[in-house]
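Okay, so here's the structure we're looking at.
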Amino acid sequence: MILCCGEALIDMLPVQDGTAFAPHTGGAVFNTAIALGRLGAPTSFFSGLSADFFGDMLRARLADAGVDASPCVTAARPCTLAFVRLVAGQATYAFYDENTAGRLLTEADLPSVTAKACFFGGISLVAEPCGGAYEAMMGRARAAGAVTMIDPNIRPGFIQDEAAYRARLGRMLGMADIVKLSVEDMGWLARGDGEGFVQGLLAGGTALVLVTDGGKGATAVSARHRVVEPARRVAVVDTVGAGDTFNAGVLASLSTAGLLSRAGLAALDESAIRAALRLGSAAAAVTVSRAGANPPWAGEIQP
């Protein structure tokens with residue numbers, strides 16, 4: 001079982017040439033959970049969900065993908081909303097997150113760790129008290145022997161206390177077995193020394209670092225290997241959920257190969273890394289070819 005820990009929200013996507021918005025389920029970690037479920041990987045999800053009809057939309061989406069939502073905490077609080085602006089298919093966001101069910105999650109709400117792997121990331125790591133809760137959850141997962149993966153998926157416009165956020169990411173990156181960064185994340189974190197940043201992660205114990213660069217493809221770096229996978233050529237509708245789907249493909253590939261353990265990651269060879277990159281890239285290519293975060297089912301992916 002792979003446990004995805006982080007935000008679930010409603011993406012308000014533009015319609016009618018941007019003069020109106022339509023609600024769609026979303027959130028970086030939620031999207032990864034949905035993609036994992038659709039790819040056939042046993043998956044569960046932990047977050048704070050609203051008791052309102054937006055929360056009902058999120059729960060229904062999880063159930064449809066076969067994702068176990070029983071670890072979630074339901075509260076009579078609003079749902080986080082993210083209004084999306086699309087320019088040439090690229091998404092920018094305006095978040096509304098005060099006093100929401102997701103944001104007010106606390107350490108007291110954390111479930112026990114029984115999964116073989118736990119995934120973290122997204123805007124849920126920025127704010128308190130939920131950010132501290134997810135950091136504590138990652139520590140528990142690591143202590144329990146679970147593989148940990150993080151994708152910060154940094155949204156600079158959402159950050160209010162940059163120093164505190166950088167400190168949290170530093171601690172969580174230090175606990176991660178797998179780290180995924182977009183080139184934009186890398187630029188924000190590394191401040192000009194991306195290669196040095198990657199090598200620092202590996203020296204600190206990270207087994208696999210993944211760097212995605214949109215239409216240029218993805219690179220995976222381990223202590224022994226560097227593997228590059230070009231992006232699939234597709235007509236891009238928008239990029240919402242692309243990185244989240246990529247994460248799911250990588251995790252699903254490693255899980256299917258029996259490598260989603262600390263011993264398995266330490267022994268990764270080039271072929272296993274390339275297979276993970278290929279599934280992640282192929283799944284993401286389907287997502288960007290259609291509107292919104294709508295990851296593929298396993299049967300939709302072309303080899």
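Residues in the structure tokens are named by chain (A, B, ... in the order shown) and by number from 1 within that chain; ligands are numbered from 1 in the order shown.
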Which of range 51-212 of chain A DSSP labels strand (DSSP E), written as a PyMOL selection string: chain A and resi 73-75+81-87+90-96+117-121+147-151+178-182+208-212
For range 113-128 of chain A: contacts at 8 Å, only C-alpha atoms, fewer than 2 positions along chain excluded, given as a ChimeraX atom specification: /A:1-7,27-29,102-104,111,130-132,134-135,138,140-141,144-155,158-159,165,168-169,260-261
Save the residues we just selected, N, CA and C atoms, as a compact mmCIF listing (two decimals), in the first residue's frame?
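The new file selection36.txt reads:
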```
# COMPACT_ATOMS: atom_id res chain seq x y z
N MET A 1 0.83 -1.20 0.00
CA MET A 1 0.00 0.00 0.00
C MET A 1 0.87 1.25 0.00
N ILE A 2 0.50 2.23 -0.82
CA ILE A 2 1.16 3.53 -0.86
C ILE A 2 0.20 4.55 -0.25
N LEU A 3 0.65 5.25 0.78
CA LEU A 3 -0.17 6.25 1.46
C LEU A 3 0.25 7.64 1.01
N CYS A 4 -0.67 8.38 0.39
CA CYS A 4 -0.42 9.75 -0.04
C CYS A 4 -0.94 10.71 1.02
N CYS A 5 -0.07 11.61 1.50
CA CYS A 5 -0.40 12.48 2.62
C CYS A 5 -0.30 13.94 2.19
N GLY A 6 -1.41 14.64 2.11
CA GLY A 6 -1.36 16.03 1.71
C GLY A 6 -2.69 16.56 1.24
N GLU A 7 -2.66 17.72 0.59
CA GLU A 7 -3.88 18.46 0.34
C GLU A 7 -4.79 17.83 -0.70
N GLY A 27 -5.54 19.21 -6.19
CA GLY A 27 -4.56 19.20 -5.12
C GLY A 27 -3.43 18.26 -5.52
N ALA A 28 -2.20 18.70 -5.36
CA ALA A 28 -1.07 17.93 -5.87
C ALA A 28 -1.04 16.51 -5.32
N VAL A 29 -1.17 16.36 -4.01
CA VAL A 29 -1.07 15.02 -3.42
C VAL A 29 -2.32 14.20 -3.74
N GLY A 102 -8.53 21.11 5.47
CA GLY A 102 -7.18 20.63 5.22
C GLY A 102 -6.13 21.37 6.01
N ARG A 103 -6.25 22.68 6.07
CA ARG A 103 -5.22 23.48 6.75
C ARG A 103 -5.20 23.25 8.25
N LEU A 104 -6.34 23.00 8.89
CA LEU A 104 -6.40 22.88 10.34
C LEU A 104 -6.16 21.47 10.84
N PRO A 111 -2.78 9.25 11.25
CA PRO A 111 -3.06 7.82 11.33
C PRO A 111 -1.78 7.03 11.63
N CYS A 130 -1.17 22.27 9.57
CA CYS A 130 -1.08 21.04 8.78
C CYS A 130 0.36 20.75 8.35
N GLY A 131 1.15 21.79 8.07
CA GLY A 131 2.53 21.55 7.65
C GLY A 131 3.32 20.79 8.70
N GLY A 132 3.17 21.21 9.96
CA GLY A 132 3.85 20.50 11.04
C GLY A 132 3.35 19.08 11.21
N TYR A 134 2.19 17.09 8.79
CA TYR A 134 2.74 16.24 7.73
C TYR A 134 4.24 16.00 7.94
N GLU A 135 4.95 16.96 8.46
CA GLU A 135 6.36 16.73 8.77
C GLU A 135 6.50 15.65 9.84
N MET A 138 5.88 12.28 8.32
CA MET A 138 7.02 11.78 7.57
C MET A 138 8.05 11.16 8.51
N ARG A 140 7.40 9.75 11.36
CA ARG A 140 6.84 8.47 11.81
C ARG A 140 6.99 7.40 10.72
N ALA A 141 6.73 7.79 9.48
CA ALA A 141 6.85 6.84 8.38
C ALA A 141 8.27 6.33 8.26
N ALA A 144 9.07 3.92 10.94
CA ALA A 144 8.39 2.65 10.73
C ALA A 144 9.00 1.83 9.60
N GLY A 145 9.98 2.38 8.91
CA GLY A 145 10.63 1.66 7.83
C GLY A 145 10.01 1.84 6.47
N ALA A 146 9.03 2.74 6.35
CA ALA A 146 8.39 2.98 5.06
C ALA A 146 9.30 3.84 4.18
N VAL A 147 9.24 3.60 2.88
CA VAL A 147 9.91 4.47 1.92
C VAL A 147 9.18 5.81 1.91
N THR A 148 9.93 6.91 1.88
CA THR A 148 9.33 8.23 1.86
C THR A 148 9.71 8.96 0.57
N MET A 149 8.71 9.62 -0.02
CA MET A 149 8.94 10.41 -1.23
C MET A 149 8.33 11.79 -1.04
N ILE A 150 8.99 12.82 -1.54
CA ILE A 150 8.47 14.17 -1.45
C ILE A 150 8.60 14.88 -2.80
N ASP A 151 7.56 15.61 -3.14
CA ASP A 151 7.57 16.54 -4.28
C ASP A 151 7.07 17.88 -3.73
N PRO A 152 7.97 18.83 -3.47
CA PRO A 152 7.53 20.09 -2.86
C PRO A 152 6.49 20.85 -3.68
N ASN A 153 6.59 20.75 -5.02
CA ASN A 153 5.61 21.40 -5.90
C ASN A 153 5.39 22.84 -5.45
N ILE A 154 6.46 23.61 -5.42
CA ILE A 154 6.48 24.91 -4.77
C ILE A 154 5.62 25.94 -5.51
N ARG A 155 4.77 26.62 -4.75
CA ARG A 155 3.93 27.71 -5.27
C ARG A 155 4.34 28.98 -4.53
N PHE A 158 1.97 31.29 -2.62
CA PHE A 158 1.25 30.78 -1.44
C PHE A 158 2.08 30.92 -0.17
N ILE A 159 3.37 31.19 -0.31
CA ILE A 159 4.30 31.19 0.83
C ILE A 159 4.23 32.53 1.54
N TYR A 165 9.34 28.00 5.81
CA TYR A 165 9.04 27.00 4.78
C TYR A 165 10.33 26.35 4.27
N ARG A 168 11.47 23.88 6.85
CA ARG A 168 10.69 22.63 6.82
C ARG A 168 11.08 21.75 5.65
N LEU A 169 11.18 22.36 4.47
CA LEU A 169 11.57 21.57 3.31
C LEU A 169 12.95 20.96 3.51
N LEU A 260 10.04 -1.00 -4.13
CA LEU A 260 9.62 0.10 -3.28
C LEU A 260 9.90 -0.23 -1.81
N SER A 261 11.21 -0.35 -1.54
CA SER A 261 11.72 -0.58 -0.19
C SER A 261 13.08 0.08 -0.13
```
Identify, on the basis of only C-alpha atoms, every residue whose closest approach to Arg290 in chain A does not exceed 12 Å; exclude the query and any residue fewer than 5 positions from it along the same chain; express the result as a list of chain:residue names. A:Gly89, A:Val234, A:Ala235, A:Val236, A:Val237, A:Asp238, A:Thr239, A:Val240, A:Gly241, A:Ala242, A:Ala283, A:Ala284, A:Ala285, A:Pro295, A:Pro296
Considering only C-alpha atoms, state which residue in the set A:Ile301, A:Leu201, A:Leu268, A:Leu181 is at the smallest distance from His225 in chain A.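 Nearest to His225 in chain A: A:Leu268.
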If you measure from CA of Gly37 in chain A to CA of Ser70 in chain A, what distance in Å do you get, rounded to one decimal?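 Computing it gives 14.6 Å between the two atoms.
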From the set A:Gly205, A:Gly264, A:Pro42, A:Pro23, which residue has the shortest atom-to-atom contact distance to Thr80 in chain A, counting only C-alpha atoms?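 Nearest candidate to Thr80 in chain A out of A:Gly205, A:Gly264, A:Pro42, A:Pro23: A:Pro23.
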Please extract the residues of range 37-245 of chain A with a backbone DSSP assignment of helix (DSSP H, G or I) and present them as a ChimeraX atom specification. /A:37-38,53-64,107-109,122-125,130-143,156-158,162-174,183-190,194-203,214-216,242-245
Of the listed residues A:Ser182, A:Thr92, A:Thr43, A:Ser50, that which approaches Ala220 in chain A most closely, counting only C-alpha atoms: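 For Ala220 in chain A, the nearest of the candidates is A:Ser182.
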With only C-alpha atoms as the counted atoms, please give the residues lying no more than 8 Å from Phe21 in chain A, apart from itself and same-chain residues fewer than 6 positions off, as a list in words. Met12, Leu13, Pro14, Val15 and Phe83 of chain A
Keeping only N, CA, C and O atoms, take the residues you just selected and write them out as a tab-separated table (two decimals), in the first residue's frame.
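part-v8.tsv, written as the output of this step:
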```
chain	number	residue	atom	x	y	z
A	12	MET	N	-10.72	25.55	-9.39
A	12	MET	CA	-11.73	26.29	-10.14
A	12	MET	C	-11.12	26.63	-11.50
A	12	MET	O	-10.30	27.55	-11.62
A	13	LEU	N	-11.48	25.85	-12.50
A	13	LEU	CA	-10.86	25.98	-13.83
A	13	LEU	C	-11.67	26.93	-14.71
A	13	LEU	O	-12.91	26.91	-14.69
A	14	PRO	N	-10.97	27.75	-15.49
A	14	PRO	CA	-11.68	28.73	-16.32
A	14	PRO	C	-12.47	28.07	-17.45
A	14	PRO	O	-12.01	27.12	-18.08
A	15	VAL	N	-13.65	28.60	-17.69
A	15	VAL	CA	-14.49	28.19	-18.82
A	15	VAL	C	-15.02	29.47	-19.46
A	15	VAL	O	-14.87	30.57	-18.91
A	83	PHE	N	-8.17	28.87	-7.60
A	83	PHE	CA	-8.61	29.41	-8.88
A	83	PHE	C	-7.43	29.38	-9.85
A	83	PHE	O	-6.33	29.82	-9.52
```
Quick one: residues within 8 Å of Gly217 in chain A, only C-alpha atoms counted, chain neighbours fewer than 5 positions away excluded, as an NGL selection string? :A and (212 or 228-232 or 281)
Using the selection just defined, write its residues with all heavy atoms as a compact mmCIF listing (two decimals), in the first residue's frame.
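Once written, selection.txt looks like this:
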```
# COMPACT_ATOMS: atom_id res chain seq x y z
N THR A 212 12.14 17.06 -13.30
CA THR A 212 11.31 17.16 -14.50
C THR A 212 11.45 18.54 -15.12
O THR A 212 11.55 19.55 -14.41
CB THR A 212 9.83 16.90 -14.17
OG1 THR A 212 9.38 17.82 -13.17
CG2 THR A 212 9.64 15.47 -13.68
N VAL A 228 18.23 9.79 -18.44
CA VAL A 228 17.42 10.86 -19.03
C VAL A 228 16.33 10.24 -19.89
O VAL A 228 16.60 9.34 -20.70
CB VAL A 228 18.29 11.80 -19.89
CG1 VAL A 228 17.42 12.88 -20.54
CG2 VAL A 228 19.38 12.44 -19.04
N GLU A 229 15.10 10.70 -19.71
CA GLU A 229 13.96 10.22 -20.50
C GLU A 229 13.31 11.41 -21.20
O GLU A 229 12.78 12.32 -20.54
CB GLU A 229 12.94 9.53 -19.61
CG GLU A 229 11.70 9.03 -20.33
CD GLU A 229 11.97 7.87 -21.27
OE1 GLU A 229 13.04 7.22 -21.16
OE2 GLU A 229 11.12 7.60 -22.14
N PRO A 230 13.33 11.47 -22.54
CA PRO A 230 12.69 12.57 -23.25
C PRO A 230 11.18 12.57 -23.01
O PRO A 230 10.57 11.52 -22.79
CB PRO A 230 13.02 12.29 -24.71
CG PRO A 230 14.15 11.32 -24.69
CD PRO A 230 13.99 10.51 -23.45
N ALA A 231 10.58 13.74 -23.09
CA ALA A 231 9.13 13.84 -22.96
C ALA A 231 8.44 13.27 -24.18
O ALA A 231 8.97 13.33 -25.30
CB ALA A 231 8.72 15.30 -22.76
N ARG A 232 7.27 12.69 -23.97
CA ARG A 232 6.44 12.25 -25.10
C ARG A 232 5.91 13.48 -25.84
O ARG A 232 5.56 14.48 -25.23
CB ARG A 232 5.26 11.41 -24.59
CG ARG A 232 5.66 10.17 -23.78
CD ARG A 232 6.18 9.08 -24.67
NE ARG A 232 6.56 7.89 -23.90
CZ ARG A 232 5.81 6.79 -23.83
NH1 ARG A 232 4.64 6.73 -24.46
NH2 ARG A 232 6.25 5.74 -23.14
N SER A 281 6.55 9.40 -17.38
CA SER A 281 6.45 10.31 -18.53
C SER A 281 5.26 9.97 -19.41
O SER A 281 4.56 10.86 -19.90
CB SER A 281 7.74 10.24 -19.36
OG SER A 281 8.84 10.70 -18.59
```
When you count only C-alpha atoms, which of these residues is closest to Pro129 in chain A: A:Gly170, A:Gly55, A:Gly200, A:Gly48? A:Gly48
